[in-house]
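Working notes, beginning with the structure itself.
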Amino acid sequence: MTMIAKDPGTRIEFEFDWAAAYPDGQAVFASEWSVAPEEAEGVTAAAVAHGLTRTTVTLAGGVAGRVYRVTNRVTLSDGQVDERSATVRVEER
């Protein structure tokens with residue numbers, strides 16, 4: 001699992017590249033992002049986007065000293081559903 005360090009006051013962009021996992025030409029049809037735990041002033045998915053093989057989220061906020069799990073769930077053009085997660089550690093920088 002990927003680890004990301006982030007300052008509470010920054011907005012950072014993070015992406016997953018799904019092409020390597022699905023080399024047969026499947027495309028990302030739909031993408032959803034979630035953050036756990038959900039809490040006041042916690043990390044949020046401020047903006048999301050996806051292309052044929054990549055999904056992107058802009059992460060904002062967070063409470064210093066806390067750790068969050070960011071999950072991307074995709075539906076592929078052939079109907080398969082998959083998800084990946086990353087850990088976000090928030091620290092003052």
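In the structure tokens, chains take letters A, B, ... by order of appearance, with residues numbered from 1 within each chain and ligands from 1 in the order shown.
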- [ ] Within 9 Å of Thr75 (chain A), counting only C-alpha atoms, which residues show up once you throw out same-chain ones fewer than 3 positions away? Write them as a ChimeraX atom specification, please.
- [x] /A:27-32,78-83
Just C-alpha atoms for this one: save the residues we selected as an mmCIF file, in the first residue's frame.
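Contents of again.cif, freshly written:
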```
data_model
loop_
_atom_site.group_PDB
_atom_site.id
_atom_site.type_symbol
_atom_site.label_atom_id
_atom_site.label_comp_id
_atom_site.auth_asym_id
_atom_site.auth_seq_id
_atom_site.Cartn_x
_atom_site.Cartn_y
_atom_site.Cartn_z
ATOM 1 C CA ALA A 27 -10.750 1.362 -19.686
ATOM 2 C CA VAL A 28 -11.939 3.047 -16.506
ATOM 3 C CA PHE A 29 -15.684 3.577 -16.932
ATOM 4 C CA ALA A 30 -16.439 4.994 -13.446
ATOM 5 C CA SER A 31 -14.362 6.015 -10.431
ATOM 6 C CA GLU A 32 -15.335 6.744 -6.815
ATOM 7 C CA ASP A 78 -15.784 -4.860 -19.237
ATOM 8 C CA GLY A 79 -17.785 -4.647 -15.979
ATOM 9 C CA GLN A 80 -15.007 -5.651 -13.566
ATOM 10 C CA VAL A 81 -14.905 -3.746 -10.272
ATOM 11 C CA ASP A 82 -11.638 -3.213 -8.410
ATOM 12 C CA GLU A 83 -10.264 -0.949 -5.710
#
```
TODO: List every residue of region 39-78 of chain A that DSSP, applied to the backbone of this structure, places in strand (DSSP E or B), and write the result as a PyMOL selection string.
DONE: chain A and resi 44-50+54-60+67-76
Open item on the list: Using only C-alpha atoms for the distances, tell me which of A:Phe16, A:Arg93, A:Gly62, A:Arg69 is nearest to Ser34 (chain A).
Closed with: A:Arg69
Long-range neighbours of region 40-56 of chain A as a short mmCIF file (atom, residue, chain, number, x, y, z; two decimals) with C-alpha atoms, in the first residue's frame, 6 Å cut-off, only C-alpha atoms, 2 positions minimum in chain:
```
data_model
loop_
_atom_site.label_atom_id
_atom_site.label_comp_id
_atom_site.auth_asym_id
_atom_site.auth_seq_id
_atom_site.Cartn_x
_atom_site.Cartn_y
_atom_site.Cartn_z
CA PHE A 14 -2.66 11.80 -6.16
CA GLU A 15 -3.35 9.25 -8.89
CA PHE A 16 -3.60 5.55 -9.56
CA ASP A 17 -2.54 4.13 -12.93
CA TRP A 18 -4.78 1.16 -13.70
CA ALA A 19 -3.20 0.30 -17.09
CA ALA A 27 -10.75 1.36 -19.69
CA VAL A 28 -11.94 3.05 -16.51
CA THR A 58 -7.06 16.16 -4.98
CA LEU A 59 -6.71 15.69 -1.22
CA ALA A 60 -7.31 18.62 1.12
CA GLY A 61 -7.31 19.19 4.87
CA GLY A 62 -6.49 16.72 7.58
CA VAL A 63 -5.67 16.81 11.27
#
```
Open item on the list: Could you check the closest approach to Ala86 (chain A) for each of A:Val74, A:Ala36, A:Gly65, A:Asp24 and tell me which residue wins, using only C-alpha atoms?
Closed with: A:Ala36
TODO: Kindly give the distance, in Å, that separates CA of Leu76 (chain A) and CA of Ala5 (chain A), rounded to a single decimal.
DONE: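 These two atoms are separated by 29.0 Å.
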Task: For CA of Tyr68 (chain A) and CA of Gln26 (chain A), the interatomic separation in Å (one decimal) - done: 29.5 Å
Open item on the list: From the options A:Val70, A:Val57, A:Val90, A:Val35, which residue's atoms come nearest to Ile12 (chain A), counting only C-alpha atoms?
Closed with: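 Checking each candidate against Ile12 (chain A), we get A:Val57 as the closest.
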- [ ] Find the distance between CA of Thr87 (chain A) and CA of Ala21 (chain A) and write it in Å to one decimal.
- [x]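 Computed distance, CA of Thr87 (chain A) to CA of Ala21 (chain A), equals 19.9 Å.
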